[in-house]
file upload.pdb (PDB, C-alpha atoms and all ligand atoms)
MODEL        1
ATOM      1  CA  MET S 332      35.436  87.451  10.256
ATOM      2  CA  LYS S 333      37.529  85.438   7.790
ATOM      3  CA  LYS S 334      36.297  82.230   9.402
ATOM      4  CA  PHE S 335      32.714  83.450   9.136
ATOM      5  CA  LEU S 336      33.153  84.290   5.447
ATOM      6  CA  GLY S 337      34.694  80.877   4.882
ATOM      7  CA  ILE S 338      31.702  79.170   6.435
ATOM      8  CA  CYS S 339      29.328  81.327   4.333
ATOM      9  CA  MET S 340      31.230  80.411   1.144
ATOM     10  CA  MET S 341      30.998  76.729   2.039
ATOM     11  CA  PHE S 342      27.279  77.090   2.646
ATOM     12  CA  PHE S 343      26.614  78.829  -0.682
ATOM     13  CA  PHE S 344      28.970  76.863  -2.910
ATOM     14  CA  VAL S 345      29.242  73.410  -1.379
ATOM     15  CA  PHE S 346      25.937  72.857   0.362
ATOM     16  CA  PRO S 347      23.722  73.560  -2.697
ATOM     17  CA  ALA S 348      25.542  70.817  -4.617
ATOM     18  CA  PHE S 349      24.281  68.331  -2.054
ATOM     19  CA  SER S 350      20.969  69.941  -1.214
ATOM     20  CA  GLN S 351      19.923  69.710  -4.876
ATOM     21  CA  GLU S 352      20.231  65.938  -4.705
ATOM     22  CA  ASN S 353      16.687  64.734  -4.413
ATOM     23  CA  PRO S 354      16.748  61.813  -1.946
ATOM     24  CA  GLY S 355      14.361  59.756  -4.076
ATOM     25  CA  LEU S 356      16.465  60.203  -7.197
ATOM     26  CA  LYS S 357      19.779  59.716  -5.419
ATOM     27  CA  ALA S 358      19.446  55.938  -5.103
ATOM     28  CA  ILE S 359      18.184  55.648  -8.677
ATOM     29  CA  VAL S 360      20.953  57.717 -10.250
ATOM     30  CA  ASN S 361      23.902  56.733  -8.026
ATOM     31  CA  HIS S 362      23.619  52.950  -8.231
ATOM     32  CA  TYR S 363      26.276  50.609  -9.570
ATOM     33  CA  ALA S 364      26.555  46.845  -9.926
ATOM     34  CA  ALA S 365      28.772  45.725  -7.040
ATOM     35  CA  ARG S 366      31.860  43.792  -8.124
ATOM     36  CA  ASN S 367      33.831  43.561  -4.891
ATOM     37  CA  PHE S 368      31.702  42.242  -2.073
ATOM     38  CA  THR S 369      33.214  42.008   1.406
ATOM     39  CA  ALA S 370      32.290  39.452   4.057
ATOM     40  CA  GLY S 371      29.568  40.414   6.518
ATOM     41  CA  ASP S 372      25.951  39.839   7.359
ATOM     42  CA  ILE S 373      22.836  41.701   6.303
ATOM     43  CA  SER S 374      20.617  42.481   9.288
ATOM     44  CA  ARG S 375      17.196  40.881   9.305
ATOM     45  CA  SER S 376      15.432  44.247   9.509
ATOM     46  CA  ASP S 377      17.379  45.554   6.487
ATOM     47  CA  LEU S 378      16.580  42.365   4.589
ATOM     48  CA  ASP S 379      12.900  42.829   5.418
ATOM     49  CA  GLN S 380      12.983  46.399   4.082
ATOM     50  CA  ILE S 381      14.765  45.289   0.910
ATOM     51  CA  LEU S 382      12.134  42.589   0.324
ATOM     52  CA  GLN S 383       9.353  45.053   1.057
ATOM     53  CA  ALA S 384      10.663  47.137  -1.875
ATOM     54  CA  GLY S 385      10.091  44.078  -4.081
ATOM     55  CA  VAL S 386       6.658  43.397  -2.636
ATOM     56  CA  ARG S 387       5.680  47.022  -3.345
ATOM     57  CA  ALA S 388       6.792  46.950  -7.001
ATOM     58  CA  PRO S 389       4.233  47.775  -9.705
ATOM     59  CA  SER S 390       2.869  45.008 -11.923
ATOM     60  CA  ALA S 391       0.478  44.791 -14.866
ATOM     61  CA  SER S 392      -3.120  44.931 -13.569
ATOM     62  CA  ASN S 393      -1.544  44.668 -10.105
ATOM     63  CA  ARG S 394      -1.336  40.870 -10.523
ATOM     64  CA  GLN S 395       1.861  40.623  -8.437
ATOM     65  CA  PRO S 396       2.787  37.368 -10.193
ATOM     66  CA  TRP S 397       6.105  36.904  -8.412
ATOM     67  CA  HIS S 398       7.666  35.014  -5.556
ATOM     68  CA  PHE S 399      10.846  36.017  -3.721
ATOM     69  CA  THR S 400      13.013  33.148  -2.515
ATOM     70  CA  VAL S 401      15.778  34.311  -0.188
ATOM     71  CA  VAL S 402      18.831  32.053  -0.361
ATOM     72  CA  ARG S 403      20.885  32.601   2.798
ATOM     73  CA  ASN S 404      22.444  29.126   2.863
ATOM     74  CA  GLN S 405      25.993  29.851   1.728
ATOM     75  CA  ALA S 406      26.658  26.432   0.202
ATOM     76  CA  LEU S 407      23.507  26.676  -1.905
ATOM     77  CA  ALA S 408      24.226  30.303  -2.853
ATOM     78  CA  LYS S 409      27.688  29.213  -4.046
ATOM     79  CA  ARG S 410      26.120  26.629  -6.339
ATOM     80  CA  ILE S 411      24.156  29.441  -7.990
ATOM     81  CA  VAL S 412      26.820  32.195  -8.069
ATOM     82  CA  SER S 413      30.265  30.639  -7.777
ATOM     83  CA  ASN S 414      32.167  33.630  -6.350
ATOM     84  CA  ILE S 415      29.783  34.198  -3.461
ATOM     85  CA  VAL S 416      31.284  36.021  -0.455
ATOM     86  CA  GLU S 417      30.361  35.091   3.123
ATOM     87  CA  GLY S 418      27.141  36.829   4.168
ATOM     88  CA  ASN S 419      25.856  37.405   0.608
ATOM     89  CA  VAL S 420      22.153  36.757   0.134
ATOM     90  CA  LEU S 421      20.570  35.841  -3.199
ATOM     91  CA  ILE S 422      16.978  36.891  -3.782
ATOM     92  CA  VAL S 423      15.546  34.761  -6.577
ATOM     93  CA  ILE S 424      12.497  36.235  -8.293
ATOM     94  CA  SER S 425      10.286  33.640  -9.926
ATOM     95  CA  THR S 426       6.915  33.439 -11.636
ATOM     96  CA  ALA S 427       4.570  30.896 -13.137
ATOM     97  CA  GLY S 428       3.744  33.354 -15.901
ATOM     98  CA  GLY S 429       5.118  34.323 -19.302
ATOM     99  CA  GLN S 430       6.577  37.384 -20.971
ATOM    100  CA  ARG S 431       4.343  39.963 -19.323
ATOM    101  CA  GLU S 432       5.031  38.480 -15.897
ATOM    102  CA  PHE S 433       8.759  38.460 -16.702
ATOM    103  CA  LEU S 434       8.545  42.215 -17.090
ATOM    104  CA  ASP S 435       6.851  42.508 -13.688
ATOM    105  CA  CYS S 436       9.608  40.388 -12.138
ATOM    106  CA  ALA S 437      12.242  42.649 -13.681
ATOM    107  CA  LEU S 438      10.628  45.690 -12.089
ATOM    108  CA  ALA S 439      10.530  43.976  -8.684
ATOM    109  CA  ALA S 440      14.197  43.049  -9.135
ATOM    110  CA  GLU S 441      15.099  46.669  -9.850
ATOM    111  CA  ASN S 442      13.251  47.791  -6.704
ATOM    112  CA  ILE S 443      15.181  45.250  -4.625
ATOM    113  CA  TYR S 444      18.495  46.154  -6.276
ATOM    114  CA  LEU S 445      17.997  49.870  -5.572
ATOM    115  CA  ALA S 446      16.603  49.408  -2.050
ATOM    116  CA  ALA S 447      19.683  47.414  -1.049
ATOM    117  CA  GLN S 448      21.946  50.216  -2.235
ATOM    118  CA  ALA S 449      19.787  52.874  -0.581
ATOM    119  CA  LEU S 450      20.450  51.044   2.705
ATOM    120  CA  GLY S 451      24.207  51.057   2.083
ATOM    121  CA  TYR S 452      24.672  47.502   0.771
ATOM    122  CA  GLY S 453      26.102  46.410  -2.544
ATOM    123  CA  SER S 454      23.806  44.670  -4.998
ATOM    124  CA  ARG S 455      23.995  43.109  -8.447
ATOM    125  CA  LEU S 456      21.381  41.706 -10.803
ATOM    126  CA  TYR S 457      22.029  38.301 -12.429
ATOM    127  CA  THR S 458      20.353  36.448 -15.267
ATOM    128  CA  GLY S 459      23.460  34.443 -16.222
ATOM    129  CA  PRO S 460      22.845  31.655 -13.646
ATOM    130  CA  ILE S 461      19.082  31.458 -14.250
ATOM    131  CA  ASP S 462      19.002  28.680 -16.889
ATOM    132  CA  ALA S 463      21.195  26.396 -14.756
ATOM    133  CA  LEU S 464      19.105  27.186 -11.683
ATOM    134  CA  ASN S 465      15.879  26.305 -13.500
ATOM    135  CA  GLN S 466      17.363  23.124 -14.947
ATOM    136  CA  ASN S 467      19.161  21.765 -11.886
ATOM    137  CA  LEU S 468      18.342  23.595  -8.664
ATOM    138  CA  LYS S 469      14.616  24.374  -8.575
ATOM    139  CA  GLY S 470      14.026  21.756  -5.905
ATOM    140  CA  ASP S 471      17.024  22.716  -3.757
ATOM    141  CA  VAL S 472      16.096  26.396  -3.925
ATOM    142  CA  GLY S 473      12.462  25.504  -3.192
ATOM    143  CA  LEU S 474      10.744  27.562  -5.854
ATOM    144  CA  PRO S 475       6.934  27.424  -5.624
ATOM    145  CA  SER S 476       5.359  24.709  -7.733
ATOM    146  CA  GLY S 477       5.081  25.695 -11.406
ATOM    147  CA  HIS S 478       7.462  28.615 -10.992
ATOM    148  CA  SER S 479      10.626  29.345 -12.934
ATOM    149  CA  ALA S 480      13.288  31.790 -11.820
ATOM    150  CA  VAL S 481      13.513  34.949 -13.952
ATOM    151  CA  ILE S 482      16.290  36.982 -12.354
ATOM    152  CA  LEU S 483      18.125  37.150  -9.046
ATOM    153  CA  VAL S 484      19.557  39.949  -6.972
ATOM    154  CA  ARG S 485      22.736  39.435  -5.004
ATOM    155  CA  VAL S 486      22.988  41.607  -1.893
ATOM    156  CA  GLY S 487      25.966  41.936   0.385
ATOM    157  CA  ARG S 488      28.369  44.204   2.102
ATOM    158  CA  VAL S 489      30.786  46.375   0.144
ATOM    159  CA  GLN S 490      33.663  48.619   1.137
ATOM    160  CA  ALA S 491      32.305  51.995   2.209
ATOM    161  CA  GLY S 492      33.173  54.870  -0.120
ATOM    162  CA  ALA S 493      32.543  53.272  -3.511
ATOM    163  CA  ASP S 494      30.186  55.399  -5.570
ATOM    164  CA  ALA S 495      28.569  55.426  -8.987
ATOM    165  CA  VAL S 496      31.319  57.594 -10.486
ATOM    166  CA  SER S 497      34.202  55.400  -9.369
ATOM    167  CA  ALA S 498      32.423  52.047  -9.544
ATOM    168  CA  ALA S 499      29.900  52.137 -12.382
ATOM    169  CA  SER S 500      30.812  51.748 -16.032
ATOM    170  CA  ALA S 501      30.165  54.627 -18.432
ATOM    171  CA  ARG S 502      26.689  55.268 -19.742
ATOM    172  CA  LYS S 503      25.734  56.580 -23.171
ATOM    173  CA  ALA S 504      25.000  60.293 -23.269
ATOM    174  CA  ALA S 505      21.344  61.191 -22.775
ATOM    175  CA  ASN S 506      21.295  63.074 -26.103
ATOM    176  CA  GLU S 507      22.127  59.778 -27.895
ATOM    177  CA  LEU S 508      19.212  58.014 -26.248
ATOM    178  CA  VAL S 509      16.449  60.553 -25.819
ATOM    179  CA  SER S 510      14.439  62.256 -28.524
ATOM    180  CA  TYR S 511      11.575  64.700 -28.375
ATOM    181  CA  LYS S 512       8.765  65.215 -30.870
TER     182      LYS S 512
HETATM  183  C1  LIG S 601      18.949  42.017 -16.701
HETATM  184  C2  LIG S 601      20.355  42.036 -16.157
HETATM  185  C3  LIG S 601      21.073  40.863 -16.077
HETATM  186  C4  LIG S 601      22.373  40.850 -15.565
HETATM  187  N1  LIG S 601      23.038  39.672 -15.440
HETATM  188  C5  LIG S 601      24.291  39.650 -14.946
HETATM  189  C6  LIG S 601      24.983  38.423 -14.805
HETATM  190  O1  LIG S 601      24.474  37.360 -15.119
HETATM  191  N2  LIG S 601      26.238  38.452 -14.300
HETATM  192  C7  LIG S 601      26.840  39.628 -13.920
HETATM  193  O2  LIG S 601      27.999  39.591 -13.466
HETATM  194  N3  LIG S 601      26.180  40.826 -14.023
HETATM  195  C8  LIG S 601      24.934  40.856 -14.525
HETATM  196  N4  LIG S 601      24.257  42.042 -14.631
HETATM  197  C9  LIG S 601      24.895  43.292 -14.169
HETATM  198  C10 LIG S 601      25.276  44.185 -15.345
HETATM  199  O3  LIG S 601      26.418  43.674 -16.000
HETATM  200  C11 LIG S 601      25.512  45.613 -14.806
HETATM  201  O4  LIG S 601      24.307  46.057 -14.244
HETATM  202  C12 LIG S 601      25.948  46.556 -15.909
HETATM  203  O5  LIG S 601      27.173  46.146 -16.455
HETATM  204  C13 LIG S 601      26.079  47.965 -15.397
HETATM  205  O6  LIG S 601      26.955  47.982 -14.304
HETATM  206  P1  LIG S 601      27.281  49.344 -13.554
HETATM  207  O7  LIG S 601      25.969  49.944 -13.147
HETATM  208  O8  LIG S 601      28.133  48.993 -12.377
HETATM  209  O9  LIG S 601      28.009  50.199 -14.512
HETATM  210  C14 LIG S 601      22.972  42.072 -15.137
HETATM  211  C15 LIG S 601      22.232  43.255 -15.217
HETATM  212  C16 LIG S 601      20.944  43.249 -15.725
HETATM  213  C17 LIG S 601      20.166  44.549 -15.780
ENDMDL
END
call {"tool": "encode", "arguments": {"input": "upload.pdb", "output": "structure tokens"}}
result
Amino acid sequence: MKKFLGICMMFFFVFPAFSQENPGLKAIVNHYAARNFTAGDISRSDLDQILQAGVRAPSASNRQPWHFTVVRNQALAKRIVSNIVEGNVLIVISTAGGQREFLDCALAAENIYLAAQALGYGSRLYTGPIDALNQNLKGDVGLPSGHSAVILVRVGRVQAGADAVSAASARKAANELVSYK
């Protein structure tokens, strides 16, 4: 009987805490920018799904002005992000457009960043290396003609068990950022 009560208590008190987590929101709310990548490959089917999240991103007037260049070559990846870890992939998002298209690229980058984490990988957005990439590495990376890189997403393996609470930095409180009229 005691065991039964114990199981009931677990069901009522523990399970609801998880069951209330909407699966769609979970990846959006629980993300963090990976700092400690570990060596290891990303499977081709996972990579395809991650890229599909970029392809499916919304864009102004549905112009889809982006291109996704997947840098798997480790030597080249290291020239873009110096502390690359074996197996990391860089997805460079580029456009031939201007400010509006930059915004579209940012949304595609966010989709890719979140999709990678939803599949259990670590990911991190980077704009720091973009100027150097555009100045020196466009040809090596093979961006489409007329394109400039806007942002890149680094995807790789991370130690299991890291979560947004232990790994992400603090966020401002919602009541500081949100107002209602
Ligand atoms: C537009 C953008 C550009 C970023 N560029 C870099 C970068 O160049 N280098 C880097 O280490 N992190 C970069 N980041 C990662 C941020 O530093 C990170 O998302 C932020 O500190 C929050 O991290 P957290 O979610 O783990 O708390 C960038 C993030 C964004 C959104």
call {"tool": "atom_distance", "arguments": {"input": "upload.pdb", "atom1": "atom CA of S:Tyr452", "atom2": "atom CA of S:Val486"}}
result
6.7 Å
call {"tool": "closest_atom_pairs", "arguments": {"input": "upload.pdb", "of": "chain S", "to": "ligand LIG 601 (chain S)", "cutoff": "6 Å", "atoms": "all atoms listed in the file", "output": "tab-separated table"}}
result
residue	atom	partner	partner_atom	distance
S:Tyr363	CA	S:LIG601	O7	3.7
S:Ala364	CA	S:LIG601	O8	3.6
S:Arg455	CA	S:LIG601	C9	5.8
S:Leu456	CA	S:LIG601	C14	4.6
S:Tyr457	CA	S:LIG601	N1	3.5
S:Thr458	CA	S:LIG601	N1	4.2
S:Gly459	CA	S:LIG601	O1	3.3
S:Ala498	CA	S:LIG601	O8	6.0
S:Ala499	CA	S:LIG601	O9	3.4
S:Ser500	CA	S:LIG601	O9	3.5
call {"tool": "resolve_selection", "arguments": {"input": "upload.pdb", "expression": "the PyMOL selection byres (((chain S and resi 380-395) around 9) and not hetatm)", "output": "ChimeraX atom specification"}}
result
/S:375-379,396-399,422,431-432,434-436,438-447,450
call {"tool": "atom_distance", "arguments": {"input": "upload.pdb", "atom1": "atom CA of S:Ala463", "atom2": "atom CA of S:His478"}}
result
14.4 Å
call {"tool": "resolve_selection", "arguments": {"input": "upload.pdb", "expression": "the PyMOL selection byres (((chain S and resi 361) around 10) and not hetatm)", "output": "PyMOL selection string"}}
result
chain S and resi 356-360+362-363+445+448-449+494-496+498-499
call {"tool": "closest_residue", "arguments": {"input": "upload.pdb", "among": "S:Gly428, S:Gly355, S:Gly473, S:Gly371", "to": "S:Val401", "atoms": "only C-alpha atoms"}}
result
S:Gly473
call {"tool": "residues_near_point", "arguments": {"input": "upload.pdb", "point": "(11.5, 32.7, -6.7)", "cutoff": "6 Å", "atoms": "all atoms listed in the file", "output": "ChimeraX atom specification"}}
result
/S:398-400,423-425,474,480
call {"tool": "closest_residue", "arguments": {"input": "upload.pdb", "among": "S:Pro460, S:Pro475, S:Gly453, S:Gly429", "to": "S:Gln490", "atoms": "all atoms listed in the file"}}
result
S:Gly453
call {"tool": "residues_around", "arguments": {"input": "upload.pdb", "residues": "stretch 407-418 of chain S", "least_positions_apart": "6", "cutoff": "7 Å", "atoms": "only C-alpha atoms", "output": "list in words"}}
result
Phe368, Thr369, Ala370, Gly371, Asp372, Ile373, Pro460, Leu464 and Gly487 of chain S
call {"tool": "atom_distance", "arguments": {"input": "upload.pdb", "atom1": "atom CA of S:Gly451", "atom2": "atom CA of S:Arg485"}}
result
13.7 Å
call {"tool": "closest_residue", "arguments": {"input": "upload.pdb", "among": "S:Val472, S:Ala501, S:Ala491, S:Val402", "to": "S:Leu421", "atoms": "all atoms listed in the file"}}
result
S:Val402
call {"tool": "closest_residue", "arguments": {"input": "upload.pdb", "among": "S:Thr426, S:Glu352, S:Asn367, S:Asn404", "to": "S:Ser476", "atoms": "all atoms listed in the file"}}
result
S:Thr426
call {"tool": "closest_residue", "arguments": {"input": "upload.pdb", "among": "S:Asn419, S:Asn465, S:Ser454, S:Ala406", "to": "S:Gly477", "atoms": "only C-alpha atoms"}}
result
S:Asn465
call {"tool": "axis_aligned_box", "arguments": {"input": "upload.pdb", "around": "stretch 378-385 of chain S", "padding_each_side": "5 Å", "output": "AutoDock Vina command-line options"}}
result
--center_x 13.0 --center_y 44.8 --center_z 0.7 --size_x 17.2 --size_y 14.8 --size_z 19.5
call {"tool": "residues_around", "arguments": {"input": "upload.pdb", "residues": "S:Ile461", "least_positions_apart": "6", "cutoff": "8 Å", "atoms": "all atoms listed in the file", "output": "list in words"}}
result
Ala480, Val481, Ile482 and Leu483 of chain S
